[in-house]
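Working notes for the structure below.
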2 protein chains.
Amino acid sequence: MTKPLRIGIAGLGTVGASLARLLITKSETITRRAGRPIEIGAVSARDKTRDRGVDLSALAWFDDPVKLAQDGEIDALVELIGGSEGAALDCVRAALSRGLPVVTANKALLAHHGVALARLAAENGTELLYEAAVAGGIPIIKAMRESLSGNEVSRVTGILNGTCNYMLTRMERENLSFEACLRDAQALGYAEADPTFDIGGFDAAHKLAILTSLAFGTEIDIDSVYVEGIQSITAEDIAAATELGYTIKLLAVAQKTDTGIEQRVHPTMIPAEAAMAQISGVTNAVTVDTDLLGSIMLAGPGAGGNATASAVLSDVMDLATGVVPPTFAVPPDRLVPYERARMRTHEGGYYIRLSVRDRVGAFASIATRMAENGISLESIVQRKAAGVADVASAMVVLVTHETTEEAIRLALKAISEDGHLSGDPQMIRIEHL
Amino acid sequence: MTKPLRIGIAGLGTVGASLARLLITKSETITRRAGRPIEIGAVSARDKTRDRGVDLSALAWFDDPVKLAQDGEIDALVELIGGSEGAALDCVRAALSRGLPVVTANKALLAHHGVALARLAAENGTELLYEAAVAGGIPIIKAMRESLSGNEVSRVTGILNGTCNYMLTRMERENLSFEACLRDAQALGYAEADPTFDIGGFDAAHKLAILTSLAFGTEIDIDSVYVEGIQSITAEDIAAATELGYTIKLLAVAQKTDTGIEQRVHPTMIPAEAAMAQISGVTNAVTVDTDLLGSIMLAGPGAGGNATASAVLSDVMDLATGVVPPTFAVPPDRLVPYERARMRTHEGGYYIRLSVRDRVGAFASIATRMAENGISLESIVQRKAAGVADVASAMVVLVTHETTEEAIRLALKAISEDGHLSGDPQMIRIEHL
């Protein structure tokens with residue numbers, strides 16, 4: 001029998017415990033497929049007594065994950081602590097510095113320090129793998145690192161946050177308000193007590209920044225991602241979208257433009273019959289557009305202990321079986337600096353929802369402001385606003401033809417200043433995927 | 001600079017010519033990503049003078065691909081000749097026997113000789129790669145060989161034939177007859193002059209047999225695939241499916257049952273809102289159900305010179321960069337014999353279309369025969385048959401609750417013998433994916 005690969009697991013939360021269980025209960029299958037046994041050499045977690053569904057008491061335990069990385073009798077480190085700084089960063093640095101390969105599921109770590117860590121790995125002749133960091137169980141990292149190597153990518157489009165997609169799906173299917181849906185998602189464990197990281201679009205932005213680097217061979221630039229969350233989406237928006245033949249998704253998009261690379265995360269109306277529109281609940285999906293392949297789409301579970309552990313395990317198996325490509329598909333010294341695109345002409349129109357005081361002339365004034373900014377309207381729907389105390393208010397939904405983001409902002413500013421609105425205007429981009 | 005990888009290309013049709021063009025026009029990108037140059041060491045094709053969009057005249061040409069495999073100054077062979085026997089088989093055998101790795105896009109070769117060739121490769125310490133053989137540009141082979149390694153697969157479901165999916169999509173969207181659609185597909189180059197291999201379901205069956213081996217670690221058994229093509233699908237079936245909320249797809253399914261593994265290719269009604277229902281035109285898709293991941297779906301171009309060449313290139317890049325896993329994920333001596341499942345209780349009901357002579361009592365008699373076989377009906381629709389010369393005929397569409405394939409066959413046999421039908425009955429399985 002070939003020499004086993006001994007891994008050290010730093011962090012035994014949901015994913016870490018799943019991984020430990022898999023390695024122990026499926027050891028025979030794993031050994032057969034990897035061609036050698038994969039053993040847990042040591043672990044690090046705060047609570048040694050917690051029931052993790054498998055007996056880990058005989059293993060070497062380290063209270064400090066950095067000590068595990070420095071001194072553990074291991075061939076590779078699996079970092080499942082989370083967070084972009086602190087223990088996660090320190091133990092990954094320690095392992096790479098020692099020449100140990102690292103597998104991580106930590107998107108924040110990659111988004112903030114990925115390029116520096118890739119350099120550290122290359123300097124020490126070792127590897128950094130992170131299949132589980134983006135879109136959980138979907139093998140998007142492997143596909144982009146290894147299968148698209150002859151392709152030039154023009155765009156990456158993803159549904160990358162399960163919490164948001166779950167909420168938008170339920171709002172659509174059950175006509176729920178955002179608030180009711182969030183409470184439910186929290187009760188079911190699909191949303192955190194502080195849901196800002198998910199529903200604010202920041203989780204998706206971290207994942208997008210990693211995909212951008214892989215797609216375009218650029219350094220990661222998390223700070224350049226334009227981020228808008230789903231907090232402003234109301235039941236009225238969902239109903240109007242359905243009526244217009246669209247579905248609202250929180251899309252993460254990275255694309256090449258004439259002036260650089262654009263990265264954005266925001267609610268988007270997409271045609272109800274698009275393949276991405278069928279991605280429901282906590283499922284994630286990524287579409288990659290390239291010169292040779294046209295479009296390919298990968299969809300699957302974006303989170304969950306077993307799905308994420310499966311992705312971590314596939315990285316560990318790659319370490320056990322052979323050679324691994326450079327962290328971001330090309331050696332880190334070949335990554336080019338990220339060049340941020342100017343805000344681009346958005347294609348495909350805009351959905352605008354306004355709460356209008358029902359005053360004579362308001363409607364004409366709004367239409368005039370749109371025209372003044374060169375915006376032509378595809379449809380206008382006026383109806384009584386649901387749940388608005390001010391009975392003199394009406395909801396007006398406008399769908400525009402193609403125009404620029406700037407024209408929309410100027411028009412909405414003018415309309416607000418005219419005093420016709422009883423609330424903030426809602427604006428959602430429409431994309432024809 | 002590291003030593004180049006010199007490949008021999010056997011077959012310079014659409015895919016071979018695309019590959020040669022890519023290797024020459026994108027050599028800089030490819031070298032950067034592979035870490036070493038990939039060069040065309042020699043080629044083999046019948047016609048040396050044909051314009052392939054790139055100058056190949058300076059290369060070493062072999063009239064006989066077997067000679068290329070035996071004597072070419074190459075490090076790997078790329079087989080793009082096609083066909084399960086003859087030159088394709090001979091040159092692949094010759095290369096593997098010499099210890100040269102082989103990349104092929106040839107599904108028929110794999111379906112009939114895959115296991116024997118995997119053994120030959122293993123005996124000679126070399127590799128056999130075939131990403132392009134199944135679902136063209138979709139990286140499904142890599143995903144199944146490398147990303148799902150910790151998972152137990154329970155089912156693989158695919159839309160694997162672009163011609164069939166293109167025709168079904170157009171029939172649905174444009175209300176075309178099968179014959180008109182086929183003529184169009186042939187004129188556009190989406191269907192062969194003799195379309196039997198595609199529309200009869202055989203192409204999909206070959207691809208399914210390969211996926212089955214990867215999914216379940218079994219030897220390939222192409223002869224055990226139950227195959228039904230789309231020839232019997234009429235505009236009436238498509239219209240009825242739409243009305244009932246379904247879409248008709250040619251699905252290829254391999255799944256584990258209590259008695260073995262079931263492999264089948266047949267037209268299937270799936271819910272119109274399922275993700276697979278949105279896979280339109282020549283696009284392919286594969287869904288894999290596993291214990292850890294739940295379901296993952298990959299979708300993309302199933303054919304085309306550039307897409308297929310891109311998949312071939314990804315295999316070549318894997319050869320250039322490192323170690324490749326065993327042909328069918330486990331060493332060939334670990335593959336278990338394929339065990340064919342007994343015909344299983346089909347879940348999800350059946351769609352039945354009958355052309356009924358409009359005689360008093362026919363309807364009651366049909367309903368009685370169904371009941372006698374324990375089949376309960378979910379819905380019954382009767383209407384005037386479109387385009388039926390016999391004006392006394394009516395079209396009856398039945399949708400059954402869950403029942404067995406055998407019960408349906410017995411009921412249809414009895415109904416036919418009762419003499420109520422003016423044509424063959426149509427039967428399409430319904431699946432709720």
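Residues are referred to by chain and number: the chain letter is A, B, ... according to the order shown in the structure tokens, the number counts from 1 in that chain, and ligands are numbered separately from 1 in the order shown.
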Open item on the list: as a PyMOL selection string, please: every residue in range 145-318 of chain B that a backbone DSSP assignment puts in strand (DSSP E).
Closed with: chain B and resi 153-159+226-227+246-257+260-271+283-290+294-301
Hey, what's within 7 Å of range 41-48 of chain A if we count only C-alpha atoms and toss same-chain stuff fewer than 2 positions away? As an mmCIF file with all heavy atoms, in the first residue's frame, please?
```
data_model
loop_
_atom_site.group_PDB
_atom_site.id
_atom_site.type_symbol
_atom_site.label_atom_id
_atom_site.label_comp_id
_atom_site.auth_asym_id
_atom_site.auth_seq_id
_atom_site.Cartn_x
_atom_site.Cartn_y
_atom_site.Cartn_z
ATOM 1 N N ARG A 6 -1.599 12.318 5.237
ATOM 2 C CA ARG A 6 -2.130 12.710 6.548
ATOM 3 C C ARG A 6 -2.513 14.176 6.527
ATOM 4 O O ARG A 6 -1.678 15.041 6.270
ATOM 5 C CB ARG A 6 -1.083 12.471 7.633
ATOM 6 C CG ARG A 6 -0.782 11.005 7.923
ATOM 7 C CD ARG A 6 0.571 10.911 8.582
ATOM 8 N NE ARG A 6 1.541 11.662 7.781
ATOM 9 C CZ ARG A 6 2.765 12.009 8.212
ATOM 10 N NH1 ARG A 6 3.154 11.700 9.404
ATOM 11 N NH2 ARG A 6 3.591 12.671 7.409
ATOM 12 N N ILE A 7 -3.784 14.456 6.796
ATOM 13 C CA ILE A 7 -4.207 15.854 6.781
ATOM 14 C C ILE A 7 -4.458 16.343 8.192
ATOM 15 O O ILE A 7 -4.819 15.581 9.089
ATOM 16 C CB ILE A 7 -5.463 16.074 5.916
ATOM 17 C CG1 ILE A 7 -6.665 15.310 6.485
ATOM 18 C CG2 ILE A 7 -5.213 15.664 4.468
ATOM 19 C CD1 ILE A 7 -7.975 15.782 5.914
ATOM 20 N N GLY A 8 -4.264 17.631 8.361
ATOM 21 C CA GLY A 8 -4.626 18.287 9.612
ATOM 22 C C GLY A 8 -5.867 19.124 9.362
ATOM 23 O O GLY A 8 -5.910 19.875 8.390
ATOM 24 N N ILE A 9 -6.885 18.966 10.188
ATOM 25 C CA ILE A 9 -8.109 19.750 10.003
ATOM 26 C C ILE A 9 -8.165 20.838 11.061
ATOM 27 O O ILE A 9 -8.237 20.552 12.257
ATOM 28 C CB ILE A 9 -9.369 18.864 10.111
ATOM 29 C CG1 ILE A 9 -9.281 17.669 9.145
ATOM 30 C CG2 ILE A 9 -10.623 19.689 9.811
ATOM 31 C CD1 ILE A 9 -10.484 16.740 9.225
ATOM 32 N N ALA A 10 -8.124 22.083 10.611
ATOM 33 C CA ALA A 10 -8.232 23.226 11.520
ATOM 34 C C ALA A 10 -9.660 23.750 11.461
ATOM 35 O O ALA A 10 -10.071 24.306 10.453
ATOM 36 C CB ALA A 10 -7.238 24.319 11.127
ATOM 37 N N GLY A 11 -10.411 23.518 12.520
ATOM 38 C CA GLY A 11 -11.818 23.936 12.539
ATOM 39 C C GLY A 11 -12.727 22.742 12.381
ATOM 40 O O GLY A 11 -12.709 22.086 11.346
ATOM 41 N N LEU A 12 -13.518 22.455 13.419
ATOM 42 C CA LEU A 12 -14.413 21.298 13.359
ATOM 43 C C LEU A 12 -15.860 21.744 13.561
ATOM 44 O O LEU A 12 -16.584 21.210 14.393
ATOM 45 C CB LEU A 12 -14.009 20.247 14.396
ATOM 46 C CG LEU A 12 -12.716 19.466 14.103
ATOM 47 C CD1 LEU A 12 -12.320 18.607 15.293
ATOM 48 C CD2 LEU A 12 -12.881 18.594 12.863
ATOM 49 N N GLU A 39 -5.623 9.985 5.795
ATOM 50 C CA GLU A 39 -5.834 9.884 7.235
ATOM 51 C C GLU A 39 -5.868 11.262 7.875
ATOM 52 O O GLU A 39 -5.260 12.204 7.372
ATOM 53 C CB GLU A 39 -4.693 9.076 7.873
ATOM 54 C CG GLU A 39 -4.696 7.619 7.452
ATOM 55 C CD GLU A 39 -3.438 6.894 7.913
ATOM 56 O OE1 GLU A 39 -2.585 7.537 8.564
ATOM 57 O OE2 GLU A 39 -3.323 5.692 7.598
ATOM 58 N N ARG A 50 -17.417 18.319 22.189
ATOM 59 C CA ARG A 50 -18.656 18.369 21.386
ATOM 60 C C ARG A 50 -18.868 17.077 20.608
ATOM 61 O O ARG A 50 -17.907 16.500 20.091
ATOM 62 C CB ARG A 50 -18.566 19.542 20.403
ATOM 63 C CG ARG A 50 -19.893 20.257 20.197
ATOM 64 C CD ARG A 50 -19.763 21.322 19.120
ATOM 65 N NE ARG A 50 -20.166 20.803 17.828
ATOM 66 C CZ ARG A 50 -19.823 21.329 16.670
ATOM 67 N NH1 ARG A 50 -19.023 22.380 16.636
ATOM 68 N NH2 ARG A 50 -20.268 20.810 15.546
ATOM 69 N N LEU A 59 -7.207 11.252 18.238
ATOM 70 C CA LEU A 59 -6.346 12.037 17.349
ATOM 71 C C LEU A 59 -5.489 13.021 18.128
ATOM 72 O O LEU A 59 -5.789 13.356 19.279
ATOM 73 C CB LEU A 59 -7.202 12.828 16.349
ATOM 74 C CG LEU A 59 -8.012 11.989 15.352
ATOM 75 C CD1 LEU A 59 -8.957 12.896 14.566
ATOM 76 C CD2 LEU A 59 -7.071 11.255 14.405
ATOM 77 N N ALA A 60 -4.428 13.495 17.481
ATOM 78 C CA ALA A 60 -3.638 14.568 18.067
ATOM 79 C C ALA A 60 -4.443 15.863 17.990
ATOM 80 O O ALA A 60 -4.846 16.271 16.905
ATOM 81 C CB ALA A 60 -2.322 14.709 17.301
ATOM 82 N N TRP A 61 -4.719 16.456 19.153
ATOM 83 C CA TRP A 61 -5.490 17.707 19.200
ATOM 84 C C TRP A 61 -4.571 18.883 19.460
ATOM 85 O O TRP A 61 -3.681 18.816 20.311
ATOM 86 C CB TRP A 61 -6.539 17.641 20.309
ATOM 87 C CG TRP A 61 -7.788 16.947 19.878
ATOM 88 C CD1 TRP A 61 -7.939 15.609 19.703
ATOM 89 C CD2 TRP A 61 -9.043 17.561 19.573
ATOM 90 N NE1 TRP A 61 -9.223 15.340 19.290
ATOM 91 C CE2 TRP A 61 -9.922 16.513 19.208
ATOM 92 C CE3 TRP A 61 -9.518 18.876 19.577
ATOM 93 C CZ2 TRP A 61 -11.242 16.752 18.844
ATOM 94 C CZ3 TRP A 61 -10.844 19.105 19.217
ATOM 95 C CH2 TRP A 61 -11.692 18.053 18.848
ATOM 96 N N PHE A 62 -4.830 19.972 18.770
ATOM 97 C CA PHE A 62 -4.107 21.230 19.011
ATOM 98 C C PHE A 62 -5.135 22.290 19.368
ATOM 99 O O PHE A 62 -6.143 22.431 18.678
ATOM 100 C CB PHE A 62 -3.363 21.679 17.748
ATOM 101 C CG PHE A 62 -2.136 20.857 17.433
ATOM 102 C CD1 PHE A 62 -2.250 19.618 16.802
ATOM 103 C CD2 PHE A 62 -0.865 21.320 17.762
ATOM 104 C CE1 PHE A 62 -1.125 18.867 16.508
ATOM 105 C CE2 PHE A 62 0.258 20.569 17.466
ATOM 106 C CZ PHE A 62 0.133 19.344 16.829
ATOM 107 N N ASP A 63 -4.896 23.002 20.447
ATOM 108 C CA ASP A 63 -5.790 24.108 20.769
ATOM 109 C C ASP A 63 -5.586 25.245 19.776
ATOM 110 O O ASP A 63 -6.519 25.937 19.398
ATOM 111 C CB ASP A 63 -5.518 24.622 22.191
ATOM 112 C CG ASP A 63 -5.943 23.577 23.216
ATOM 113 O OD1 ASP A 63 -6.888 22.824 22.918
ATOM 114 O OD2 ASP A 63 -5.303 23.503 24.276
ATOM 115 N N ASP A 64 -4.360 25.406 19.341
ATOM 116 C CA ASP A 64 -4.012 26.524 18.462
ATOM 117 C C ASP A 64 -3.791 26.003 17.033
ATOM 118 O O ASP A 64 -2.867 25.213 16.781
ATOM 119 C CB ASP A 64 -2.723 27.169 19.001
ATOM 120 C CG ASP A 64 -2.259 28.328 18.140
ATOM 121 O OD1 ASP A 64 -2.913 28.605 17.102
ATOM 122 O OD2 ASP A 64 -1.246 28.957 18.513
ATOM 123 N N PRO A 65 -4.617 26.445 16.087
ATOM 124 C CA PRO A 65 -4.464 25.966 14.705
ATOM 125 C C PRO A 65 -3.105 26.308 14.092
ATOM 126 O O PRO A 65 -2.629 25.592 13.202
ATOM 127 C CB PRO A 65 -5.606 26.667 13.951
ATOM 128 C CG PRO A 65 -6.051 27.775 14.826
ATOM 129 C CD PRO A 65 -5.750 27.366 16.227
ATOM 130 N N LEU A 68 -0.854 23.633 15.075
ATOM 131 C CA LEU A 68 -1.150 22.470 14.226
ATOM 132 C C LEU A 68 -0.416 22.590 12.897
ATOM 133 O O LEU A 68 0.238 21.650 12.428
ATOM 134 C CB LEU A 68 -2.665 22.352 13.986
ATOM 135 C CG LEU A 68 -3.124 21.457 12.833
ATOM 136 C CD1 LEU A 68 -2.783 19.996 13.099
ATOM 137 C CD2 LEU A 68 -4.628 21.598 12.606
ATOM 138 N N GLY A 72 2.228 19.974 13.526
ATOM 139 C CA GLY A 72 1.476 18.736 13.336
ATOM 140 C C GLY A 72 2.203 17.776 12.398
ATOM 141 O O GLY A 72 2.872 18.206 11.463
ATOM 142 N N GLU A 73 2.084 16.477 12.691
ATOM 143 C CA GLU A 73 2.673 15.478 11.793
ATOM 144 C C GLU A 73 1.719 15.251 10.646
ATOM 145 O O GLU A 73 0.990 14.249 10.595
ATOM 146 C CB GLU A 73 2.947 14.182 12.553
ATOM 147 C CG GLU A 73 4.127 14.331 13.488
ATOM 148 C CD GLU A 73 4.480 13.018 14.164
ATOM 149 O OE1 GLU A 73 4.104 11.957 13.633
ATOM 150 O OE2 GLU A 73 5.109 13.082 15.225
ATOM 151 N N ILE A 74 1.673 16.195 9.733
ATOM 152 C CA ILE A 74 0.692 16.174 8.646
ATOM 153 C C ILE A 74 1.372 16.492 7.322
ATOM 154 O O ILE A 74 2.458 17.074 7.287
ATOM 155 C CB ILE A 74 -0.441 17.208 8.899
ATOM 156 C CG1 ILE A 74 0.148 18.623 9.128
ATOM 157 C CG2 ILE A 74 -1.289 16.790 10.094
ATOM 158 C CD1 ILE A 74 -0.878 19.720 9.260
#
```
Open item on the list: Give me, as a ChimeraX atom specification, the residues of chain B touching chain A, with the criterion being at most 8 Å (counting only C-alpha atoms).
Closed with: /B:22,26,29-30,32-33,137-139,142-143,146-151,273-275,278-279,292-301,306-307,310-311,313-315,317-318,321-325,329-330
Task: Shell of 10 Å around range 167-182 of chain B, only C-alpha atoms, local chain residues under 4 positions omitted, as a count of residues only - done: 34
Open item on the list: So that I can check the surroundings of range 361-375 of chain A, please list as a ChimeraX atom specification every protein, DNA and RNA residue that reaches within 12 Å of it, counting only C-alpha atoms and ignoring chain neighbours fewer than 4 positions away.
Closed with: /A:349-350,352-357,379-382,393-422
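With distances restricted to only C-alpha atoms, A:Ser97 is the closest residue to Glu127 in chain A from A:Ser84, A:Gln426, A:Ser97, A:Ser154.
CA of Val78 in chain B is positioned 15.6 Å from CA of Ile24 in chain B.
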Task: DSSP-assigned alpha helix (DSSP H) members of range 29-103 of chain A, reported as a ChimeraX atom specification - done: /A:29-34,65-71,86-97
Could those residues be written to a file, using C-alpha atoms, as a PDB file, in the first residue's frame?
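Result written to again18.pdb:
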```pdb
ATOM      1  CA  THR A  29     -13.918   4.049  -1.013  1.00  0.00           C
ATOM      2  CA  ILE A  30     -11.599   7.003  -0.622  1.00  0.00           C
ATOM      3  CA  THR A  31      -8.507   4.818  -0.467  1.00  0.00           C
ATOM      4  CA  ARG A  32      -9.600   2.925  -3.582  1.00  0.00           C
ATOM      5  CA  ARG A  33     -10.245   6.092  -5.555  1.00  0.00           C
ATOM      6  CA  ALA A  34      -7.271   8.081  -4.300  1.00  0.00           C
ATOM      7  CA  PRO A  65      -4.464  25.966  14.705  1.00  0.00           C
ATOM      8  CA  VAL A  66      -1.180  27.765  14.041  1.00  0.00           C
ATOM      9  CA  LYS A  67       0.626  25.201  16.216  1.00  0.00           C
ATOM     10  CA  LEU A  68      -1.150  22.470  14.226  1.00  0.00           C
ATOM     11  CA  ALA A  69       0.126  23.996  10.996  1.00  0.00           C
ATOM     12  CA  GLN A  70       3.637  24.452  12.385  1.00  0.00           C
ATOM     13  CA  ASP A  71       4.165  21.255  14.337  1.00  0.00           C
ATOM     14  CA  GLY A  86      -6.798  35.981  12.583  1.00  0.00           C
ATOM     15  CA  ALA A  87      -6.393  32.260  13.153  1.00  0.00           C
ATOM     16  CA  ALA A  88      -7.469  31.255   9.622  1.00  0.00           C
ATOM     17  CA  LEU A  89      -4.933  33.502   7.927  1.00  0.00           C
ATOM     18  CA  ASP A  90      -2.186  32.717  10.421  1.00  0.00           C
ATOM     19  CA  CYS A  91      -2.478  28.947  10.174  1.00  0.00           C
ATOM     20  CA  VAL A  92      -2.679  28.979   6.360  1.00  0.00           C
ATOM     21  CA  ARG A  93       0.437  31.161   6.223  1.00  0.00           C
ATOM     22  CA  ALA A  94       2.232  28.867   8.659  1.00  0.00           C
ATOM     23  CA  ALA A  95       1.399  25.743   6.645  1.00  0.00           C
ATOM     24  CA  LEU A  96       2.373  27.235   3.271  1.00  0.00           C
ATOM     25  CA  SER A  97       5.601  28.618   4.740  1.00  0.00           C
TER      26      SER A  97
END
```
TODO: For CA of Gly217 in chain A and CA of Val103 in chain A, determine how far apart the two atoms are, in Å to one decimal place.
DONE: 20.7 Å
